[in-house]
Every structure is written in C-alpha cells, then in structure tokens.
Amino acid sequence: QRARRRLPSPAGRVKSIQRELILWMSAALALGMVVVMLTTYGVAYAQINQVFDGELIKIAEAVNLGEDWRGPMRVRIPRPGFNLSLRAYSAQDVMLFETAEPSMPEDLPKTHEPGFALMPSAAGPWRVYMHVAPEGVVQVAQPEATRASLARTLSLRMALPELVLIPLFVLFMAWALRRGLAPLHVVGRRVEERHAKRLDPLPVTDVPAELRPLIEQINALLARVAKSMEAQRRFVADAAHDSRTPVAALALQAQVAERAAQPATRAAAFAELGL
C-alpha cells in the first residue's frame, strides 16, 4: 500500500461555502420580504384612506339637515353593513341626530372647522370629516384601527403567495449552489489522488473559468514538487555511486587477505586494511 501525505485537518468547525451562501441569501430574501410587506402595507393603507375619505365626504354632503332632522336627539339606524359613524349638531353643539350602530365615542370633540381631522378618544384615534352647513355641522367618522386592520389584511393576502414561495426558493438555491459547486468537489478529488509517485498536472479542460487560475497554480506547485523530488533522487544516486568505489576496494582487499596462503602475506593484507 502506497503511503500518502495529507495535510492535517484544522481544529474546529470547517466553514462551508454552500452553507454560508444559502444563509446569506436566505437572510437577504427574508429582509426583502419584510421591506415588501411594509411597502405593501403602506400602499394599501394609503389607498384605503383615499377610498374611505371619499366615502366620508359623500355621506356628509348627502345629509340635508333641513330635511333629515325631525326632532332633537332622534336616532337613525343605518342599513346593514354600514361601518361609518355619523352625527349632526347645531352651532350651539345641540345634538340633532346620530347613528346608533356604530356610534361615535362620547368623548369625541365637536368642532366647527370643515375638513378632515384625526381626533383622539378613549377608544383610540378616529378619522373625522366635518361638513359645515347653515343648519349645523355633520360629522362622519371611522376608527383608525378599522383602516389599519383592513390594510394589514390586504397586505397579508398580497404577500401570502410570496411567503409560501420562500421555502421553495431556498430549496432551489441549495440545489443550484450544489450544482454550481460540483466542479470544485471534482477538483478536490483529483488533488486528493495526487501523491509522491503521481505528480502529473491536473486537467484544465472542461473546468469553469473561475477555477482555472486555481488549477494552474496547483499544477505549478506539483511541477515544483516533482522537480524537487527529482533533484533529491539524483543527489541520493550520486552519493551512493561515490561511496560505492571505496567500499568495493575494501571488500577486494579483504578477499585477498583471506585467500593469502602465507601468514606473512595475510598479515600484510590486514595491515593495509588497518586491522
């Protein structure tokens, strides 16, 4: 089994490019959805104000105090589905009539300035339109909470399909990133296959343009490693060759000493060996 040298794994958690990209893109998508929902709510609220303000004006101007008023404090019940409150009072703030359901809060101020106003009450702010006539003042009002609730409902209905699509979009992003990063995993496996006996360059064909500079640098590194290992092999071979000649001479002298027939000749041979 051939030995392979691998870099030691760094301690701690290894970051994933794919995970980081998915998290950042999901966060950006969620932030974008919040901005879209707030914008949708603002647009819906403005449209609702425009529509209901028009209704307040029409109803207030349609009331004729000279014809509609038949007695003090007479209560008129509106038709079903009527969600605006109405009351009329004289210049001396004497109540002429008002709707019973829905009715205005008792603490809502009686003013004589024509036009729109946002008036506070114990039940919350009300949007009020005052129509001033010679016979008195007609107030038509609606709670601001009603308009805000309707705006929230409309904005949620418009944003609900987008909220449903968020998980699908995140899954699509994960699939697209996994597919896009597949060449990087292929390059990683090819680098892992390289070892001391296989330092051939990585193929640069059919690779993304973003990975080409990295592969070229890896190939340059492999070439430098191969060159260094070749120089090391030549050095070891030359050193072995240089040390082989003296050793061979010593071995030949030892054989001559062992084969000498005369003790004097044998002693002289060993003396040359330094023994």
# chains A, B, ... in the order shown; residues from 1 in each chain; ligands from 1
$ select_by_dssp --residues "stretch 29-220 of chain A" --states "strand (DSSP E or B)" --output "mmCIF file with C-alpha atoms, in the first residue's frame"
data_model
loop_
_atom_site.group_PDB
_atom_site.id
_atom_site.type_symbol
_atom_site.label_atom_id
_atom_site.label_comp_id
_atom_site.auth_asym_id
_atom_site.auth_seq_id
_atom_site.Cartn_x
_atom_site.Cartn_y
_atom_site.Cartn_z
ATOM 1 C CA ARG A 74 -83.577 61.354 17.044
ATOM 2 C CA VAL A 75 -81.536 58.171 16.410
ATOM 3 C CA ARG A 76 -81.355 56.756 12.941
ATOM 4 C CA SER A 85 -70.490 56.677 12.288
ATOM 5 C CA LEU A 86 -72.452 59.862 11.729
ATOM 6 C CA ARG A 87 -73.818 62.625 13.933
ATOM 7 C CA ALA A 88 -75.163 66.107 13.420
ATOM 8 C CA TYR A 89 -75.297 69.015 15.859
ATOM 9 C CA MET A 95 -77.230 67.116 19.160
ATOM 10 C CA LEU A 96 -79.624 66.746 16.241
ATOM 11 C CA PHE A 97 -79.204 63.044 15.450
ATOM 12 C CA GLU A 98 -76.581 60.320 15.348
ATOM 13 C CA THR A 99 -76.190 56.721 14.325
ATOM 14 C CA GLY A 115 -62.478 69.272 6.558
ATOM 15 C CA PHE A 116 -60.646 66.224 7.866
ATOM 16 C CA ALA A 117 -59.166 65.748 11.322
ATOM 17 C CA LEU A 118 -57.649 62.917 13.345
ATOM 18 C CA MET A 119 -59.328 63.118 16.739
ATOM 19 C CA TRP A 126 -60.818 58.425 14.780
ATOM 20 C CA ARG A 127 -60.683 59.822 11.251
ATOM 21 C CA VAL A 128 -63.393 62.527 11.125
ATOM 22 C CA TYR A 129 -64.756 64.695 8.336
ATOM 23 C CA MET A 130 -66.765 67.810 9.224
ATOM 24 C CA HIS A 131 -69.297 69.297 6.806
ATOM 25 C CA VAL A 132 -70.434 72.700 7.972
ATOM 26 C CA ALA A 133 -73.885 73.866 6.820
ATOM 27 C CA GLY A 136 -75.318 72.868 11.765
ATOM 28 C CA VAL A 137 -72.400 70.502 11.434
ATOM 29 C CA VAL A 138 -72.370 66.942 10.102
ATOM 30 C CA GLN A 139 -69.592 64.680 11.351
ATOM 31 C CA VAL A 140 -68.832 61.388 9.637
ATOM 32 C CA ALA A 141 -66.085 59.308 11.259
ATOM 33 C CA GLN A 142 -64.377 55.947 11.274
ATOM 34 C CA PRO A 143 -61.872 54.391 13.725
ATOM 35 C CA HIS A 195 0.879 11.535 -4.149
ATOM 36 C CA ARG A 198 1.871 10.643 -9.130
#
$ residues_around --residues "stretch 26-29 of chain A" --least-positions-apart "6" --cutoff "10 Å" --atoms "only C-alpha atoms" --output "ChimeraX atom specification"
/A:20,35,166-167,169-170,173
$ residues_around --residues "A:Asn49" --least-positions-apart "3" --cutoff "10 Å" --atoms "only C-alpha atoms" --output "list in words"
Val43, Ala44, Tyr45, Ala46, Phe52, Asp53, Gly54, Glu55, Arg127, Glu144, Arg147, Ala148 and Ala151 of chain A
$ write_last_selection --atoms "C-alpha atoms" --output "short mmCIF file (atom, residue, chain, number, x, y, z; two decimals), in the first residue's frame"
data_model
loop_
_atom_site.label_atom_id
_atom_site.label_comp_id
_atom_site.auth_asym_id
_atom_site.auth_seq_id
_atom_site.Cartn_x
_atom_site.Cartn_y
_atom_site.Cartn_z
CA VAL A 43 -49.58 51.45 -0.19
CA ALA A 44 -52.70 49.57 0.94
CA TYR A 45 -53.19 51.96 3.87
CA ALA A 46 -52.89 54.98 1.59
CA PHE A 52 -62.83 55.87 2.81
CA ASP A 53 -62.13 59.60 2.87
CA GLY A 54 -64.15 59.87 -0.32
CA GLU A 55 -66.95 57.94 1.34
CA ARG A 127 -60.68 59.82 11.25
CA GLU A 144 -58.29 54.41 12.53
CA ARG A 147 -58.49 51.09 8.45
CA ALA A 148 -55.23 49.71 9.86
CA ALA A 151 -54.68 47.40 5.43
#
$ select_by_dssp --residues "stretch 17-133 of chain A" --states "helix (DSSP H, G or I)" --output "PyMOL selection string"
chain A and resi 17-62+65-68
$ closest_residue --among "A:Leu23, A:Ala62, A:Val94, A:Ala123" --to "A:Leu177" --atoms "only C-alpha atoms"
A:Leu23
